[in-house]
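Participant: Sharing target33.tsv here; it has TSV, C-alpha atoms.
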```
chain	number	residue	atom	x	y	z
A	209	MET	CA	0.00	0.00	0.00
A	210	ALA	CA	1.41	3.39	-0.98
A	211	ALA	CA	1.20	6.31	1.41
A	212	LEU	CA	-1.54	8.94	1.33
A	213	ARG	CA	-0.85	11.96	-0.88
A	214	ARG	CA	1.13	14.93	0.42
A	215	SER	CA	-0.25	17.54	-1.96
A	216	GLY	CA	-3.33	18.52	-3.93
A	217	GLY	CA	-6.74	20.05	-3.43
A	218	VAL	CA	-9.17	19.22	-0.67
A	219	VAL	CA	-12.86	19.76	-0.03
A	220	VAL	CA	-14.14	19.60	3.53
A	221	PHE	CA	-17.47	17.97	4.35
A	222	PHE	CA	-19.35	17.66	7.61
A	223	TRP	CA	-22.24	15.41	8.56
A	224	GLN	CA	-24.84	15.17	11.23
A	225	GLY	CA	-26.34	11.98	12.55
A	226	LYS	CA	-24.90	8.68	13.58
A	227	LEU	CA	-22.33	7.18	11.26
A	228	PRO	CA	-21.08	3.67	12.11
A	229	ASP	CA	-17.65	3.71	13.73
A	230	PRO	CA	-15.06	2.79	11.06
A	231	ARG	CA	-13.47	0.44	13.63
A	232	ASP	CA	-16.68	-1.61	13.72
A	233	ALA	CA	-17.58	-4.37	11.29
A	234	ALA	CA	-20.84	-2.56	10.45
A	235	PHE	CA	-18.88	0.17	8.72
A	236	ALA	CA	-16.95	-2.27	6.54
A	237	GLU	CA	-20.17	-4.15	5.79
A	238	ALA	CA	-21.88	-0.95	4.63
A	239	MET	CA	-18.91	-0.20	2.38
A	240	ALA	CA	-18.98	-3.73	0.97
A	241	GLN	CA	-22.64	-3.31	0.04
A	242	ARG	CA	-21.59	-0.45	-2.23
A	243	ARG	CA	-18.29	-1.92	-3.31
A	244	PHE	CA	-16.78	-1.28	-6.70
A	245	ARG	CA	-17.85	-3.67	-9.45
A	246	THR	CA	-15.71	-4.04	-12.51
A	247	ILE	CA	-16.90	-3.17	-16.00
A	248	GLU	CA	-13.83	-4.57	-17.68
A	249	ASN	CA	-15.84	-6.86	-19.92
A	250	ALA	CA	-18.96	-4.72	-20.25
A	251	ALA	CA	-20.31	-4.18	-23.74
A	252	SER	CA	-21.88	-0.80	-23.07
A	253	GLU	CA	-20.56	2.64	-22.32
A	254	GLU	CA	-20.92	3.01	-18.60
A	255	VAL	CA	-19.48	4.29	-15.41
A	256	SER	CA	-18.93	2.15	-12.36
A	257	ILE	CA	-18.48	3.84	-8.98
A	258	GLY	CA	-17.89	2.06	-5.71
A	259	TRP	CA	-15.75	1.71	-2.62
A	260	VAL	CA	-12.40	-0.02	-2.59
A	261	THR	CA	-9.65	0.21	-0.01
A	262	ALA	CA	-6.11	1.51	-0.23
A	263	ASN	CA	-5.00	-2.11	0.23
A	264	ASP	CA	-7.21	-3.63	-2.43
A	265	PRO	CA	-8.25	-1.64	-5.51
A	266	THR	CA	-10.59	-4.41	-6.71
A	267	GLY	CA	-13.31	-3.82	-4.13
A	268	ASP	CA	-13.30	-7.50	-3.18
A	269	SER	CA	-12.30	-7.13	0.45
A	270	PHE	CA	-13.12	-4.77	3.29
A	271	ALA	CA	-11.84	-5.08	6.82
A	272	PRO	CA	-11.86	-2.43	9.55
A	273	GLU	CA	-8.04	-2.40	9.62
A	274	ASP	CA	-8.01	-1.47	5.91
A	275	PHE	CA	-9.30	1.98	6.83
A	276	GLU	CA	-6.81	2.75	9.60
A	277	ALA	CA	-4.75	5.86	8.94
A	278	GLY	CA	-3.45	7.36	12.16
A	279	SER	CA	-5.95	9.81	13.61
A	280	GLY	CA	-8.37	9.30	10.72
A	281	HIS	CA	-9.74	6.60	8.47
A	282	TRP	CA	-8.82	6.33	4.83
A	283	LEU	CA	-11.67	5.82	2.36
A	284	ARG	CA	-11.16	5.27	-1.33
A	285	VAL	CA	-13.62	5.42	-4.21
A	286	ARG	CA	-12.90	3.86	-7.57
A	287	ILE	CA	-14.55	5.40	-10.62
A	288	ASP	CA	-14.14	3.47	-13.86
A	289	LYS	CA	-15.46	4.79	-17.12
A	290	LYS	CA	-15.66	2.99	-20.42
A	291	THR	CA	-16.08	5.05	-23.56
A	292	LEU	CA	-16.06	4.08	-27.21
A	293	PRO	CA	-13.18	6.02	-28.79
A	294	ARG	CA	-14.72	8.78	-30.91
A	295	LYS	CA	-12.10	8.51	-33.61
A	296	TRP	CA	-12.86	4.81	-34.10
A	297	LEU	CA	-16.50	5.66	-34.54
A	298	ALA	CA	-15.68	8.42	-37.03
A	299	ILE	CA	-13.45	6.10	-39.07
A	300	HIS	CA	-16.10	3.37	-39.26
A	301	ARG	CA	-18.80	5.87	-40.18
A	302	ASP	CA	-16.59	7.25	-42.92
A	303	VAL	CA	-16.07	3.76	-44.35
A	304	ALA	CA	-19.80	3.03	-44.25
A	305	GLU	CA	-20.66	6.33	-45.95
A	306	LYS	CA	-18.09	5.75	-48.68
A	307	ALA	CA	-19.52	2.26	-49.32
A	308	LYS	CA	-23.05	3.65	-49.44
A	309	GLY	CA	-22.09	6.67	-51.51
A	310	LYS	CA	-23.93	9.13	-49.29
A	311	LYS	CA	-24.27	10.27	-45.67
A	312	LEU	CA	-25.80	7.86	-43.17
A	313	SER	CA	-29.19	8.73	-41.75
A	314	ALA	CA	-29.57	9.35	-38.02
A	315	ARG	CA	-31.01	5.85	-37.58
A	316	GLU	CA	-28.14	4.26	-39.52
A	317	ARG	CA	-25.60	6.20	-37.45
A	318	ARG	CA	-27.26	4.98	-34.24
A	319	GLU	CA	-27.30	1.38	-35.50
A	320	LEU	CA	-23.64	1.64	-36.46
A	321	LYS	CA	-22.75	2.94	-33.01
A	322	ASP	CA	-24.72	0.16	-31.29
A	323	GLU	CA	-23.08	-2.47	-33.45
A	324	MET	CA	-19.62	-1.05	-32.80
A	325	SER	CA	-20.25	-0.77	-29.08
A	326	GLU	CA	-21.24	-4.40	-28.89
A	327	ARG	CA	-18.19	-5.48	-30.87
A	328	LEU	CA	-15.51	-3.11	-29.54
A	329	LEU	CA	-16.40	-2.12	-25.99
A	330	PRO	CA	-15.53	-5.48	-24.46
A	331	ARG	CA	-12.02	-4.82	-25.83
A	332	VAL	CA	-11.84	-1.24	-24.49
A	333	LEU	CA	-10.22	-0.80	-21.11
A	334	PRO	CA	-11.96	1.62	-18.77
A	335	THR	CA	-10.19	4.69	-17.43
A	336	VAL	CA	-9.60	4.30	-13.70
A	337	ASN	CA	-9.84	7.12	-11.18
A	338	LEU	CA	-9.08	6.49	-7.52
A	339	VAL	CA	-10.36	9.21	-5.20
A	340	ASP	CA	-9.25	9.34	-1.59
A	341	ALA	CA	-10.91	10.78	1.48
A	342	ILE	CA	-10.01	10.89	5.14
A	343	LEU	CA	-12.78	10.52	7.66
A	344	PHE	CA	-12.49	11.88	11.20
A	345	HIS	CA	-15.34	10.11	12.93
A	346	GLU	CA	-15.44	11.97	16.24
A	347	ARG	CA	-15.10	15.36	14.55
A	348	LYS	CA	-17.81	14.46	12.00
A	349	THR	CA	-15.50	15.81	9.36
A	350	LEU	CA	-14.37	14.35	6.05
A	351	LEU	CA	-11.61	15.61	3.77
A	352	LEU	CA	-12.11	14.69	0.12
A	353	PHE	CA	-9.05	14.89	-2.09
A	354	ALA	CA	-10.86	16.00	-5.24
A	355	THR	CA	-12.14	19.46	-6.00
A	356	GLY	CA	-13.92	18.84	-9.34
A	357	LYS	CA	-17.69	19.19	-9.23
A	358	SER	CA	-18.44	15.88	-10.94
A	359	VAL	CA	-16.28	13.74	-8.63
A	360	ARG	CA	-17.48	15.68	-5.59
A	361	GLU	CA	-21.10	14.97	-6.48
A	362	GLN	CA	-20.41	11.32	-7.24
A	363	PHE	CA	-18.69	10.92	-3.89
A	364	ASP	CA	-21.48	12.73	-2.09
A	365	LYS	CA	-24.07	10.43	-3.72
A	366	LEU	CA	-22.14	7.24	-2.95
A	367	PHE	CA	-21.66	8.26	0.68
A	368	PHE	CA	-25.39	8.89	1.03
A	369	GLU	CA	-26.29	5.61	-0.65
A	370	THR	CA	-23.92	3.79	1.71
A	371	PHE	CA	-24.73	5.38	5.05
A	372	ALA	CA	-28.05	7.22	4.43
A	373	ILE	CA	-26.41	10.34	5.83
A	374	PRO	CA	-26.05	13.46	3.67
A	375	LEU	CA	-22.74	15.27	3.59
A	376	GLU	CA	-22.67	19.01	4.05
A	377	ARG	CA	-19.98	20.79	2.08
A	378	SER	CA	-17.96	23.39	3.94
A	379	ASP	CA	-18.37	27.00	2.81
A	380	PRO	CA	-17.88	30.31	4.62
A	381	LEU	CA	-21.33	30.12	6.22
A	382	SER	CA	-21.35	26.45	7.23
A	383	LEU	CA	-17.80	26.70	8.54
A	384	ALA	CA	-18.76	29.74	10.60
A	385	GLN	CA	-21.66	27.79	12.04
A	386	LYS	CA	-19.22	25.07	13.15
A	387	THR	CA	-17.13	27.50	15.15
A	388	ALA	CA	-17.97	28.34	18.76
A	389	LEU	CA	-20.22	31.35	18.32
A	390	ASP	CA	-22.54	32.64	21.01
A	391	ARG	CA	-26.19	33.44	20.37
A	392	GLU	CA	-25.55	37.08	19.54
A	393	GLN	CA	-22.78	36.20	17.13
A	394	LYS	CA	-24.97	33.61	15.41
A	395	ALA	CA	-27.72	36.19	15.00
A	396	ALA	CA	-25.18	38.68	13.63
A	397	LEU	CA	-23.91	36.02	11.21
A	398	ASP	CA	-27.39	35.43	9.80
A	399	ARG	CA	-27.92	39.08	8.95
A	400	LEU	CA	-24.36	39.83	7.89
A	401	GLU	CA	-23.79	41.93	4.77
A	402	PRO	CA	-20.51	42.41	2.88
A	403	VAL	CA	-18.31	45.29	3.98
A	404	ARG	CA	-18.26	48.04	1.39
A	405	TRP	CA	-14.74	49.31	1.79
A	406	PRO	CA	-14.11	52.97	0.96
A	407	LYS	CA	-12.86	53.65	-2.55
A	408	GLN	CA	-10.14	56.20	-2.98
A	409	GLU	CA	-10.50	58.51	-5.96
A	410	ARG	CA	-7.64	58.25	-8.45
A	411	SER	CA	-6.51	61.83	-7.87
A	412	GLU	CA	-6.20	61.17	-4.14
A	413	ARG	CA	-3.81	58.24	-4.42
A	414	ILE	CA	-0.48	59.75	-3.49
A	415	PRO	CA	0.23	60.70	-0.80
A	416	ALA	CA	-2.20	58.04	0.23
A	417	ARG	CA	-2.89	58.00	3.92
A	418	ARG	CA	-6.38	59.19	4.88
A	419	THR	CA	-7.44	60.39	8.25
A	420	ARG	CA	-9.05	57.91	10.59
A	421	THR	CA	-12.41	59.65	10.41
A	422	ASP	CA	-12.49	59.86	6.61
A	423	ALA	CA	-11.91	56.16	6.12
A	424	SER	CA	-14.21	54.92	8.82
A	425	ALA	CA	-17.07	57.05	7.61
A	426	GLU	CA	-17.37	54.95	4.49
A	427	VAL	CA	-17.13	51.54	6.07
A	428	ASP	CA	-20.48	49.87	5.96
A	429	ALA	CA	-20.35	46.95	8.32
B	176	MET	CA	-24.47	47.55	-11.71
B	177	THR	CA	-22.58	46.12	-8.76
B	178	LYS	CA	-22.03	42.40	-8.99
B	179	PRO	CA	-23.24	40.53	-5.91
B	180	PRO	CA	-20.44	38.69	-4.13
B	181	SER	CA	-19.96	35.16	-5.44
B	182	GLY	CA	-21.64	32.52	-3.27
B	183	SER	CA	-23.86	35.10	-1.58
B	184	GLU	CA	-26.19	32.39	-0.27
B	185	THR	CA	-23.24	30.74	1.47
B	186	HIS	CA	-21.70	34.03	2.63
B	187	GLY	CA	-18.97	33.75	-0.01
B	188	PHE	CA	-18.12	37.38	0.72
B	189	LEU	CA	-17.14	36.40	4.25
B	190	GLY	CA	-14.41	34.06	3.02
B	191	GLU	CA	-13.11	36.82	0.77
B	192	GLU	CA	-13.11	39.25	3.68
B	193	PHE	CA	-11.26	36.62	5.71
B	194	ILE	CA	-8.38	36.50	3.20
B	195	THR	CA	-8.16	40.30	3.13
B	196	TRP	CA	-8.12	40.29	6.94
B	197	LEU	CA	-5.29	37.74	6.95
B	198	TRP	CA	-3.31	40.04	4.67
B	199	PHE	CA	-4.11	43.01	6.90
B	200	ARG	CA	-3.03	41.14	10.02
B	201	TRP	CA	0.13	39.89	8.31
B	202	GLU	CA	1.20	43.38	7.32
B	203	THR	CA	0.18	45.16	10.50
B	204	SER	CA	0.86	42.53	13.18
B	205	GLY	CA	3.42	40.26	11.55
B	206	GLY	CA	0.92	37.50	10.81
B	207	GLU	CA	1.38	35.70	14.12
B	208	PHE	CA	-1.68	34.20	15.78
B	209	ILE	CA	-2.04	32.48	19.11
B	210	LEU	CA	-4.58	29.68	18.85
B	211	PRO	CA	-6.40	28.00	21.74
B	212	GLY	CA	-3.96	25.79	23.61
B	213	GLY	CA	-1.15	28.28	23.06
B	214	ARG	CA	-0.30	27.12	19.54
B	215	VAL	CA	1.56	29.85	17.68
B	216	ILE	CA	0.78	30.04	13.96
B	217	GLY	CA	2.45	32.23	11.37
B	218	ILE	CA	0.66	33.30	8.19
B	219	ALA	CA	2.02	35.02	5.09
B	220	ILE	CA	0.75	35.56	1.58
B	221	ASP	CA	2.93	33.89	-1.01
B	222	ASP	CA	3.15	34.40	-4.76
B	223	PHE	CA	-0.46	34.33	-5.93
B	224	LEU	CA	-3.29	36.75	-5.34
B	225	THR	CA	-6.60	37.27	-7.11
B	226	PHE	CA	-8.99	40.18	-6.73
B	227	ALA	CA	-12.62	39.54	-7.58
B	228	ALA	CA	-14.18	41.58	-10.37
B	229	PRO	CA	-16.24	44.34	-8.77
B	230	SER	CA	-18.82	44.29	-11.57
B	231	ASP	CA	-19.79	42.32	-14.67
B	232	ASP	CA	-17.98	44.85	-16.86
B	233	GLU	CA	-14.67	44.59	-15.04
B	234	THR	CA	-12.05	41.92	-14.97
B	235	GLU	CA	-10.77	39.66	-12.25
B	236	HIS	CA	-7.27	40.73	-11.36
B	237	THR	CA	-4.60	38.07	-10.87
B	238	LEU	CA	-1.08	38.72	-9.63
B	239	ARG	CA	1.47	35.90	-9.78
B	240	HIS	CA	5.10	35.33	-8.91
B	241	GLY	CA	7.37	37.39	-6.73
B	242	LEU	CA	5.66	39.31	-3.97
B	243	PRO	CA	2.27	40.33	-5.34
B	244	THR	CA	1.20	42.01	-2.11
B	245	ARG	CA	4.07	44.51	-2.54
B	246	THR	CA	3.00	45.62	-6.01
B	247	GLU	CA	1.37	48.91	-6.84
B	248	GLU	CA	-1.41	46.94	-8.61
B	249	ALA	CA	-2.30	45.22	-5.35
B	250	ARG	CA	-2.28	48.47	-3.38
B	251	THR	CA	-4.45	50.10	-6.04
B	252	ALA	CA	-6.94	47.24	-5.87
B	253	LEU	CA	-7.16	47.63	-2.09
B	254	ARG	CA	-7.64	51.39	-2.41
B	255	GLN	CA	-10.45	50.68	-4.83
B	256	GLY	CA	-12.09	48.50	-2.17
B	257	ARG	CA	-11.78	45.30	-4.22
B	258	ARG	CA	-12.34	41.95	-2.55
B	259	VAL	CA	-9.51	39.41	-2.46
B	260	HIS	CA	-10.93	36.34	-4.12
B	261	SER	CA	-8.08	33.90	-3.50
B	262	ALA	CA	-4.52	33.86	-2.24
B	263	ARG	CA	-1.67	31.45	-1.86
B	264	LEU	CA	-0.86	31.23	1.82
B	265	ILE	CA	2.14	30.06	3.75
B	266	VAL	CA	1.08	28.59	7.07
B	267	ALA	CA	3.75	27.78	9.64
B	268	GLU	CA	3.75	26.19	13.05
B	269	ALA	CA	7.12	25.51	14.74
B	270	ASN	CA	9.13	23.59	12.14
B	271	ARG	CA	6.13	22.60	10.03
B	272	GLN	CA	5.09	24.61	6.98
B	273	TRP	CA	2.11	24.25	4.68
B	274	VAL	CA	1.45	26.07	1.41
B	275	ALA	CA	-2.07	26.28	0.03
B	276	THR	CA	-4.27	28.43	-2.17
B	277	LEU	CA	-7.42	29.48	-0.36
B	278	ASP	CA	-10.51	30.34	-2.38
B	279	GLY	CA	-12.51	32.80	-0.32
B	280	ALA	CA	-15.94	32.21	-1.81
B	281	THR	CA	-15.84	28.46	-1.10
B	282	MET	CA	-13.11	28.25	1.57
B	283	GLN	CA	-11.70	25.44	-0.54
B	284	LEU	CA	-7.96	24.73	-0.45
B	285	THR	CA	-6.15	23.81	-3.64
B	286	GLY	CA	-2.49	23.27	-4.48
B	287	VAL	CA	-1.79	22.23	-0.92
B	288	LYS	CA	1.71	21.13	-0.02
B	289	LEU	CA	2.07	19.49	3.34
B	290	PRO	CA	5.20	19.77	5.49
B	291	GLU	CA	7.98	17.33	4.76
B	292	ASP	CA	7.36	13.88	6.22
B	293	ALA	CA	8.74	13.45	9.71
B	294	GLU	CA	12.23	11.99	9.71
B	295	GLU	CA	11.30	9.08	11.94
B	296	VAL	CA	8.66	7.63	9.60
B	297	GLU	CA	9.81	4.41	7.99
B	298	SER	CA	6.83	2.52	6.63
B	299	ASP	CA	4.09	3.69	4.29
B	300	SER	CA	1.52	3.32	7.05
B	301	ASP	CA	3.59	5.58	9.35
B	302	ARG	CA	3.95	8.05	6.50
B	303	THR	CA	0.19	7.99	5.91
B	304	ALA	CA	-0.51	8.56	9.60
B	305	ASP	CA	1.90	11.51	9.62
B	306	ARG	CA	0.27	13.04	6.53
B	307	VAL	CA	-3.23	12.50	7.89
B	308	ALA	CA	-2.15	14.43	10.99
B	309	ASN	CA	-0.80	17.22	8.78
B	310	TRP	CA	-3.96	17.41	6.66
B	311	LEU	CA	-6.05	17.58	9.79
B	312	ALA	CA	-3.75	20.18	11.35
B	313	LEU	CA	-4.10	22.41	8.29
B	314	HIS	CA	-7.90	22.16	8.44
B	315	GLU	CA	-7.92	22.86	12.17
B	316	ILE	CA	-5.57	25.85	11.80
B	317	MET	CA	-7.68	27.41	9.03
B	318	LYS	CA	-10.81	26.83	11.09
B	319	ALA	CA	-9.22	28.41	14.18
B	320	LEU	CA	-7.98	31.44	12.23
B	321	TYR	CA	-11.44	31.84	10.71
B	322	SER	CA	-12.88	31.70	14.21
B	323	ILE	CA	-10.57	34.53	15.35
B	324	PHE	CA	-11.61	36.55	12.30
B	325	LEU	CA	-15.29	35.91	13.04
B	326	ARG	CA	-14.91	37.12	16.62
B	327	ASP	CA	-13.68	40.44	15.19
B	328	ARG	CA	-16.13	40.55	12.32
B	329	LEU	CA	-19.23	39.70	14.35
B	330	ALA	CA	-18.42	42.01	17.26
B	331	PRO	CA	-21.07	44.71	17.79
B	332	ASN	CA	-18.39	47.41	17.60
B	333	TYR	CA	-16.67	46.00	14.51
B	334	ARG	CA	-17.48	49.06	12.43
B	335	ALA	CA	-15.73	51.37	14.88
B	336	THR	CA	-12.77	49.12	15.60
B	337	GLY	CA	-11.56	46.34	13.29
B	338	ALA	CA	-13.19	47.68	10.13
B	339	GLU	CA	-11.90	51.18	10.73
B	340	GLN	CA	-8.32	49.97	11.23
B	341	GLN	CA	-8.52	47.79	8.16
B	342	ALA	CA	-9.94	50.62	6.08
B	343	GLN	CA	-7.00	52.79	7.13
B	344	TRP	CA	-4.59	50.09	6.05
B	345	MET	CA	-6.36	49.56	2.73
B	346	MET	CA	-6.09	53.27	1.97
B	347	GLN	CA	-2.33	53.41	2.50
```
Would you mind writing the file out in structure tokens?
Facilitator:
Amino acid sequence: MAALRRSGGVVVFFWQGKLPDPRDAAFAEAMAQRRFRTIENAASEEVSIGWVTANDPTGDSFAPEDFEAGSGHWLRVRIDKKTLPRKWLAIHRDVAEKAKGKKLSARERRELKDEMSERLLPRVLPTVNLVDAILFHERKTLLLFATGKSVREQFDKLFFETFAIPLERSDPLSLAQKTALDREQKAALDRLEPVRWPKQERSERIPARRTRTDASAEVDA
Amino acid sequence: MTKPPSGSETHGFLGEEFITWLWFRWETSGGEFILPGGRVIGIAIDDFLTFAAPSDDETEHTLRHGLPTRTEEARTALRQGRRVHSARLIVAEANRQWVATLDGATMQLTGVKLPEDAEEVESDSDRTADRVANWLALHEIMKALYSIFLRDRLAPNYRATGAEQQAQWMMQ
């Protein structure tokens, strides 16, 4: 097993509710229910998404110790995608059109694609994407090492399907709500508006320093 | 027409104000923060800075390489009251140093580089545990700094205190 990455982008998620403890068998069982299933020999264009572990990228085995990663637990999603190469399709269509002497109709193009998919897709290898996340059970926090919208949403969906608990993505508001604010601060947060900082006119720029009163008068908290 | 701050429903503006505040605190107080438990954290802005476009007709302003915060373009943007959209930050605690680009509107970190692995780690599982601790530490530090910012920002007298001081600094 290689070590966890040391660089990259990260998206923080929180959750509420009771998630099984990753040290318990119930957690591994829930992951196994949504394990990755291969599409290596599939004859259709499709995407397969499911859990694997850092120890076993096939999705065949899950044990609580597979998730251990110091103070957190290491989750891994495998996303395989099989696509018919577009250039192959274009070449075959070209050949068919030359043989026919004119352009294929929409129906003929669809039939050609279906026929090619059936014949070629079993020979096409899927692209493999392994996406890691670290789960901190007691903190109800998860760090996902992927910032793209598509992967983020796929992970979010798989997590919900596995544990029936929705993930809440961190943003300035949700993160603020996780900090220790008192009732007055929470109320102030709800009605907060952006600060409109004073704008200096171009002719005023140098020498630049304004008086305390001038600057503060324009600050709209 | 003034463009509403990005992510207004998630208080995206607040994350952008947070980055500007970090810059302000770095320049005026040396960027040192004492976190709960006595942890001392140092913050600096590195070689990447983006100012959000103030309206649909204007452009986002990106400054790369060198020391963008020292440039006249950056000072001008501050004087014009522009929001800092994202910045590459250096975060330091004792002998550990992280580098990460913080996007204010989402509070998402990209291009993160963790501190070097601890010298004593030998196996991949030890290395993973060390890195997990460093990822968590970065998250906890950013959360704690944000919490300090929020205490200032949500104070009833913010307009007369923190905002006024920051406005003075932005006008320099």
Participant: Which is closest to chain B among A:Lys357, A:His281, A:Arg242, A:Lys226, if we use all atoms listed in the file?
Facilitator: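 Among the listed residues, A:His281 lies closest to chain B.
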Participant: Which chain B residues have any atom within 6 Å of an atom of chain A, and for each, what is the nearest pair of atoms with distance in Å to one decimal, counting all atoms listed in the file, rows sorted by chain and number, as CSV?
Facilitator:
```
residue,atom,partner,partner_atom,distance
B:Thr185,CA,A:Leu381,CA,5.2
B:His186,CA,A:Leu381,CA,5.3
B:Gly187,CA,A:Pro380,CA,5.9
B:Phe188,CA,A:Pro402,CA,6.0
B:Gly190,CA,A:Pro380,CA,5.4
B:Arg254,CA,A:Gln408,CA,5.5
B:Gln255,CA,A:Lys407,CA,4.5
B:Gly256,CA,A:Trp405,CA,4.8
B:Thr281,CA,A:Asp379,CA,4.9
B:Met282,CA,A:Asp379,CA,5.5
B:Gln283,CA,A:Val219,CA,5.8
B:Leu284,CA,A:Val218,CA,5.6
B:Thr285,CA,A:Gly217,CA,3.8
B:Gly286,CA,A:Gly216,CA,4.9
B:Val287,CA,A:Gly216,CA,5.0
B:Lys288,CA,A:Ser215,CA,4.5
B:Leu289,CA,A:Arg214,CA,5.5
B:Asp299,CA,A:Ala211,CA,4.8
B:Thr303,CA,A:Ala211,CA,4.9
B:Ala304,CA,A:Gly278,CA,4.1
B:Leu329,CA,A:Gln393,CA,5.7
B:Arg334,CA,A:Ala429,CA,5.4
B:Glu339,CA,A:Ser424,CA,4.8
B:Ala342,CA,A:Ala423,CA,5.9
B:Gln347,CA,A:Arg417,CA,4.8
```
Participant: How would you write as a CSV table (one decimal) with C-alpha atoms, keeping the file's coordinate frame the residues that get within 12 Å of (2.7, 44.3, 8.4) in the file's frame, counting all atoms listed in the file?
Facilitator:
```csv
chain,number,residue,atom,x,y,z
B,196,TRP,CA,-8.1,40.3,6.9
B,197,LEU,CA,-5.3,37.7,7.0
B,198,TRP,CA,-3.3,40.0,4.7
B,199,PHE,CA,-4.1,43.0,6.9
B,200,ARG,CA,-3.0,41.1,10.0
B,201,TRP,CA,0.1,39.9,8.3
B,202,GLU,CA,1.2,43.4,7.3
B,203,THR,CA,0.2,45.2,10.5
B,204,SER,CA,0.9,42.5,13.2
B,205,GLY,CA,3.4,40.3,11.6
B,206,GLY,CA,0.9,37.5,10.8
B,207,GLU,CA,1.4,35.7,14.1
B,218,ILE,CA,0.7,33.3,8.2
B,219,ALA,CA,2.0,35.0,5.1
B,220,ILE,CA,0.8,35.6,1.6
B,244,THR,CA,1.2,42.0,-2.1
B,245,ARG,CA,4.1,44.5,-2.5
B,341,GLN,CA,-8.5,47.8,8.2
B,344,TRP,CA,-4.6,50.1,6.0
B,345,MET,CA,-6.4,49.6,2.7
B,347,GLN,CA,-2.3,53.4,2.5
```
Participant: Compile the contact shell of B:Phe324 as a list of chain:residue names: residues with an atom at most 8 Å away, counting only C-alpha atoms, same-chain residues fewer than 4 positions apart removed.
Facilitator: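 Residues near the query, excluding close chain neighbours: B:Phe193, B:Trp196, B:Leu320, B:Arg328.
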Participant: Let me see the file: selected residues, C-alpha atoms, as an mmCIF file, in the coordinates of the input.
Facilitator:
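See result20.cif below for the written result:
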```cif
data_model
loop_
_atom_site.group_PDB
_atom_site.id
_atom_site.type_symbol
_atom_site.label_atom_id
_atom_site.label_comp_id
_atom_site.auth_asym_id
_atom_site.auth_seq_id
_atom_site.Cartn_x
_atom_site.Cartn_y
_atom_site.Cartn_z
ATOM 1 C CA PHE B 193 -11.260 36.620 5.710
ATOM 2 C CA TRP B 196 -8.120 40.290 6.940
ATOM 3 C CA LEU B 320 -7.980 31.440 12.230
ATOM 4 C CA ARG B 328 -16.130 40.550 12.320
#
```
Participant: Go through A:Arg243, A:Lys308, A:Lys348, A:His300 one by one, measure the shortest atom-to-atom distance of each to A:Leu375 using all atoms listed in the file, and give the residue with the smallest value.
Facilitator: A:Lys348
Participant: Could you state the separation of atom CA of B:Ala269 and atom CA of B:Arg302 in Å, given to one decimal place?
Facilitator: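 Between these atoms lies a distance of 19.6 Å.
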Participant: In Å, with one decimal, what is the gap from atom CA of A:Gln241 to atom CA of A:Thr370?
Facilitator: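 Taking atom CA of A:Gln241 as the start and atom CA of A:Thr370 as the end point, the length is 7.4 Å.
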Participant: For A:Pro265, which residue among A:Asp340, A:Glu323, A:Asp232, A:Asp364 is the nearest when counting all atoms listed in the file?
Facilitator: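 Checking each of A:Asp340, A:Glu323, A:Asp232, A:Asp364 against A:Pro265, counting all atoms listed in the file, the winner is A:Asp340.
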Participant: What does the distance from atom CA of A:Gly225 to atom CA of A:Phe368 come to in Å, to one decimal?
Facilitator: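 For atom CA of A:Gly225 relative to atom CA of A:Phe368, the distance reads 12.0 Å.
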Participant: Quick one: of A:Arg286, A:Arg360, A:Arg301, A:Arg294, who's nearest to A:Asn337, counting all atoms listed in the file?
Facilitator: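 Using all atoms listed in the file, A:Asn337 sits closest to A:Arg286.
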Participant: Find the residues near B:His260: any atom within 8 Å, counting only C-alpha atoms, skip ones fewer than 4 places away on the same chain, and give them as number ranges by chain.
Facilitator: B: 191, 194, 224-227, 278-280
Participant: May I ask you to restore N, CA and C atoms in stretch 263-270 of chain B and write the result as a compact mmCIF listing (two decimals), keeping the file's coordinate frame?
Facilitator:
```
# COMPACT_ATOMS: atom_id res chain seq x y z
N ARG B 263 -2.52 32.57 -2.26
CA ARG B 263 -1.67 31.45 -1.86
C ARG B 263 -1.05 31.80 -0.52
N LEU B 264 -1.28 30.94 0.45
CA LEU B 264 -0.86 31.23 1.82
C LEU B 264 0.29 30.31 2.24
N ILE B 265 1.14 30.88 3.06
CA ILE B 265 2.14 30.06 3.75
C ILE B 265 1.69 29.99 5.20
N VAL B 266 1.54 28.80 5.70
CA VAL B 266 1.08 28.59 7.07
C VAL B 266 2.20 27.86 7.81
N ALA B 267 2.63 28.40 8.93
CA ALA B 267 3.75 27.78 9.64
C ALA B 267 3.42 27.58 11.11
N GLU B 268 3.85 26.46 11.62
CA GLU B 268 3.75 26.19 13.05
C GLU B 268 5.02 25.45 13.46
N ALA B 269 5.80 26.06 14.34
CA ALA B 269 7.12 25.51 14.74
C ALA B 269 7.92 25.18 13.48
N ASN B 270 8.32 23.92 13.32
CA ASN B 270 9.13 23.59 12.14
C ASN B 270 8.30 23.02 10.99
```
